[in-house]
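Peer 1: Submitted below is the structure of interest, expressed as structure tokens.
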Amino acid sequence: MRLLISYIFISFLATISFGQDILSRAKEIRDIEHAQAFADSLPQVAFGFMHDQMTNEDYQSRKNDLKPGDSYESGAYYIVAIAEGSKELYRFRLLTLTEQKTPNAKDEIRKIYMKWGAGTSFEELFDQYAENKGPGTNPFGDVGWVDLDIFVDSFQSSVKGRTKGDRFIAGDDASGWYNVVDMTHNPKKTKGHFILLIPKASPDNYFSAIDHKKNIGKLKKKEAFREYAKKHPGDVQLELLSTTSNRKLFEQFQKERQQNKRGNIILSEGQRWYQFIEDTSVQLVSIQYIYLDGSKITRDERSEAIHDIYEQFHSNVPFDSIVAEYWPDNNGMSALRNIETGLLAKDLAEKVLTTTVGQLFVARVGQSYFLGVPLEKPKQQASMLVISYPKLSEE
């Protein structure tokens with residue numbers, strides 16, 4: 001017992017001295033380059049920029065009197081002011097997936113981006129898929145006004161130079177971090193302080209996790225699975241597997257079900273478990289379309305564009321040419337092959353299903369309009385409903 005108490009006491013002293021030692025060294029730094037090098041040499045320390053647009057009350061109450069070398073406590077951190085200055089800040093919304101939680105996150109983020117382009121709202125997609133949500137986070141992935149230097153280089157390169165209204169995918173293969181990005185504001189220059197952020201105690205990398213596998217194993221009815229997924233957004237997802245969405249996993253389930261017709265069938269892929277719920281089917285459609293962003297054009301411009309597209313179409317102008325004129329930056333999304341109708345906005349899906357192949361339709365979704373043609377008749381594809389959830393760290 002005495003040995004255990006001694007160990008706890010020594011650990012406590014080490015924790016206290018961790019932040020204090022680094023703090024005393026950081027307070028001697030006065031230039032930005034030295035501060036950056038200091039942070040690069042210590043993985044626990046971050047170099048950053050605090051500014052007028054932040055909601056941090058500790059900083060806002062001190063910013064007018066904060067001088068280089070000053071320090072203060074904020075939550076679990078010490079903040080050390082290095083220099084006053086200004087930086088160009090950006091503001092956007094992120095819908096984030098990571099390889100740690102979502103297998104094939106890079107492919108999945110492309111599918112989500114496609115759904116957005118096909119008319120599903122960013123807010124709806126965020127609620128359904130985003131990992132970057134929870135208590136204390138901003139609504140729908142809004143990062144607030146941020147300095148791009150807090151992000152990895154590949155993400156910075158994707159965002160720099162972007163302006164309000166831009167939509168795109170950005171991420172980093174090395175970290176397995178992928179995002180759908182919605183630029184909500186134009187960048188702007190803002191005054192503030194360059195700072196060092198130092199934890200008071202040595203970081204603790206151990207996290208508790210919910211045993212979803214055990215909890216889900218007790219569920220029987222489809223409604224119970226749906227309710228469980230709603231209670232654990234981000235971690236737990238209901239998914240439709242098919243040869244289109246994930247052929248390898250779909251065929252693995254088919255094989256397991258032929259060999260084991262009783263009990264729960266659970267398979268793993270990456271860092272997630274997948275459990276079979278029921279057989280079902282999905283309806284697939286193929287379309288080519290033009291997207292008109294109603295937030296970027298006036299009502300008269302929109303009406304004129306729709307009228308001209310109809311005239312060109314009925315004058316046998318190739319649809320590819322019309323797409324090139326009215327949606328040149330479509331990023332290869334104009335033609336969608338074998339896409340599930342469930343991925344389309346409701347009004348758009350109804351128009352696609354009720355329009356004859358080769359005929360032109362127009363669908364309104366919010367402020368925006370979709371003008372397109374079905375490329376072939378809808379078809380049904382066998383699929384299965386599964387529930388997926390992350391593995392525990394020890395699994």
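Simple scheme: letters A, B, ... for chains in structure tokens order, numbers from 1 for residues in each chain, numbers from 1 for ligands in the order shown.
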Skip A:Gly119 itself and residues of its chain fewer than 2 positions away, then list as a PyMOL selection string all residues within 7 Å of it, counting only C-alpha atoms.
Peer 2: chain A and resi 115-117+121+344-345+365
Peer 1: Leaving out stretch 59-64 of chain A and any residue of its chain fewer than 2 positions from it, which residues lie within 9 Å of it when counting only C-alpha atoms, given as a PyMOL selection string?
Peer 2: chain A and resi 50-52+54-57+66-67+74+192-193
Peer 1: Given the selection you just returned, output its residues as a file containing N, CA and C atoms, formatted as a short mmCIF file (atom, residue, chain, number, x, y, z; two decimals), in the first residue's frame.
Peer 2:
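Result went into selection_13.cif, see below:
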data_model
loop_
_atom_site.label_atom_id
_atom_site.label_comp_id
_atom_site.auth_asym_id
_atom_site.auth_seq_id
_atom_site.Cartn_x
_atom_site.Cartn_y
_atom_site.Cartn_z
N MET A 50 -5.05 33.66 -31.78
CA MET A 50 -6.32 34.00 -31.17
C MET A 50 -6.72 35.38 -31.64
N HIS A 51 -8.02 35.58 -31.91
CA HIS A 51 -8.41 36.79 -32.62
C HIS A 51 -9.77 37.32 -32.16
N ASP A 52 -10.13 38.48 -32.71
CA ASP A 52 -11.34 39.18 -32.30
C ASP A 52 -12.62 38.39 -32.56
N MET A 54 -13.17 35.22 -32.19
CA MET A 54 -13.35 34.03 -31.36
C MET A 54 -14.39 34.27 -30.26
N THR A 55 -15.03 33.19 -29.83
CA THR A 55 -16.01 33.30 -28.74
C THR A 55 -15.38 32.96 -27.39
N ASN A 56 -14.07 32.72 -27.37
CA ASN A 56 -13.37 32.37 -26.14
C ASN A 56 -13.41 33.55 -25.16
N GLU A 57 -14.17 33.39 -24.06
CA GLU A 57 -14.36 34.49 -23.11
C GLU A 57 -13.08 34.87 -22.38
N LEU A 66 -3.41 42.36 -23.28
CA LEU A 66 -2.48 41.25 -23.42
C LEU A 66 -1.22 41.68 -24.16
N LYS A 67 -0.07 41.49 -23.52
CA LYS A 67 1.23 41.87 -24.10
C LYS A 67 2.11 40.62 -24.28
N SER A 74 -6.67 28.96 -19.06
CA SER A 74 -7.96 28.82 -19.73
C SER A 74 -8.31 27.34 -19.76
N GLY A 192 -5.24 40.09 -33.90
CA GLY A 192 -5.24 39.18 -32.77
C GLY A 192 -3.85 38.98 -32.18
N HIS A 193 -3.64 37.83 -31.54
CA HIS A 193 -2.37 37.51 -30.89
C HIS A 193 -1.89 36.12 -31.31
#
Peer 1: Between A:Lys189, A:Lys106, A:Lys111, A:Lys220, which one has atoms that come closest to A:Tyr90, using only C-alpha atoms?
Peer 2: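 Closest to A:Tyr90, using only C-alpha atoms: A:Lys189.
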Peer 1: Show which residues sit within 8 Å of stretch 250-255 of chain A, as a list in words. Count only C-alpha atoms, and ignore same-chain residues fewer than 2 positions away.
Peer 2: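 In the requested format, the answer is Leu241, Ser242, Thr243, Asn246, Arg247, Lys248, Arg257, Gln258, Gln259, Ile265, Leu267, Phe276, Ser383 and Met384 of chain A.
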Peer 1: Since we have the selection now, will you write its residues out, keeping N, CA and C atoms, as a PDB file, in the first residue's frame?
Peer 2:
ATOM      1  N   LEU A 241     -26.444  -2.388 -47.897  1.00  0.00           N
ATOM      2  CA  LEU A 241     -25.342  -3.001 -48.631  1.00  0.00           C
ATOM      3  C   LEU A 241     -25.855  -3.612 -49.925  1.00  0.00           C
ATOM      4  N   SER A 242     -25.112  -3.430 -51.007  1.00  0.00           N
ATOM      5  CA  SER A 242     -25.433  -4.051 -52.285  1.00  0.00           C
ATOM      6  C   SER A 242     -24.138  -4.244 -53.049  1.00  0.00           C
ATOM      7  N   THR A 243     -24.227  -4.857 -54.214  1.00  0.00           N
ATOM      8  CA  THR A 243     -23.021  -5.033 -55.021  1.00  0.00           C
ATOM      9  C   THR A 243     -22.516  -3.703 -55.544  1.00  0.00           C
ATOM     10  N   ASN A 246     -21.010  -1.812 -51.771  1.00  0.00           N
ATOM     11  CA  ASN A 246     -19.849  -2.486 -51.176  1.00  0.00           C
ATOM     12  C   ASN A 246     -19.928  -3.974 -51.535  1.00  0.00           C
ATOM     13  N   ARG A 247     -19.456  -4.302 -52.726  1.00  0.00           N
ATOM     14  CA  ARG A 247     -19.598  -5.672 -53.243  1.00  0.00           C
ATOM     15  C   ARG A 247     -18.927  -6.700 -52.326  1.00  0.00           C
ATOM     16  N   LYS A 248     -17.712  -6.404 -51.870  1.00  0.00           N
ATOM     17  CA  LYS A 248     -16.960  -7.359 -51.075  1.00  0.00           C
ATOM     18  C   LYS A 248     -17.705  -7.739 -49.795  1.00  0.00           C
ATOM     19  N   ARG A 257     -24.379 -16.177 -44.513  1.00  0.00           N
ATOM     20  CA  ARG A 257     -25.786 -16.507 -44.276  1.00  0.00           C
ATOM     21  C   ARG A 257     -26.135 -17.877 -44.840  1.00  0.00           C
ATOM     22  N   GLN A 258     -25.473 -18.281 -45.914  1.00  0.00           N
ATOM     23  CA  GLN A 258     -25.698 -19.620 -46.465  1.00  0.00           C
ATOM     24  C   GLN A 258     -25.169 -20.694 -45.525  1.00  0.00           C
ATOM     25  N   GLN A 259     -24.072 -20.388 -44.837  1.00  0.00           N
ATOM     26  CA  GLN A 259     -23.455 -21.357 -43.938  1.00  0.00           C
ATOM     27  C   GLN A 259     -24.030 -21.314 -42.526  1.00  0.00           C
ATOM     28  N   ILE A 265     -25.463 -12.512 -37.493  1.00  0.00           N
ATOM     29  CA  ILE A 265     -24.303 -12.599 -38.378  1.00  0.00           C
ATOM     30  C   ILE A 265     -23.579 -11.258 -38.313  1.00  0.00           C
ATOM     31  N   LEU A 267     -19.905  -9.241 -39.189  1.00  0.00           N
ATOM     32  CA  LEU A 267     -18.643  -9.228 -39.920  1.00  0.00           C
ATOM     33  C   LEU A 267     -17.902  -7.936 -39.614  1.00  0.00           C
ATOM     34  N   PHE A 276     -26.040  -8.015 -39.728  1.00  0.00           N
ATOM     35  CA  PHE A 276     -27.174  -8.155 -40.643  1.00  0.00           C
ATOM     36  C   PHE A 276     -28.494  -7.929 -39.904  1.00  0.00           C
ATOM     37  N   SER A 383     -30.476  -5.972 -51.940  1.00  0.00           N
ATOM     38  CA  SER A 383     -29.589  -5.370 -50.946  1.00  0.00           C
ATOM     39  C   SER A 383     -29.953  -5.919 -49.578  1.00  0.00           C
ATOM     40  N   MET A 384     -29.203  -5.507 -48.584  1.00  0.00           N
ATOM     41  CA  MET A 384     -29.515  -5.925 -47.218  1.00  0.00           C
ATOM     42  C   MET A 384     -29.277  -4.752 -46.271  1.00  0.00           C
TER      43      MET A 384
END
Peer 1: Take atom CA of A:Arg299 and atom CA of A:Leu371 and report the distance between them in Å, one decimal.
Peer 2: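 Taking atom CA of A:Arg299 and atom CA of A:Leu371, their separation equals 15.9 Å.
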Peer 1: Please determine, counting only C-alpha atoms, which residue among A:Leu375, A:Lys200, A:Ile387, A:Lys346 has the shortest atom-to-atom distance to A:Glu278.
Peer 2: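 Of A:Leu375, A:Lys200, A:Ile387, A:Lys346, the one nearest A:Glu278 is A:Ile387, counting only C-alpha atoms.
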Peer 1: Go through A:Leu336, A:Asp172, A:Thr356, A:Leu23 and flag the residue nearest A:Ser157, using only C-alpha atoms for the distances.
Peer 2: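 When distances to A:Ser157 are compared using only C-alpha atoms, the smallest one comes from A:Asp172.
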Peer 1: Please identify which residues in stretch 92-258 of chain A DSSP calls strand (DSSP E or B) from the backbone, and express them as a ChimeraX atom specification.
Peer 2: /A:92-98,142-146,167-172,177-183,188-199,237-241
Peer 1: Among stretch 68-173 of chain A, which residues does DSSP mark as helix (DSSP H, G or I) when it is run on the backbone? Keep the chain and numbering as in the structure and answer as number ranges by chain.
Peer 2: A: 105-117, 122-129, 139-141, 148-150, 153-159
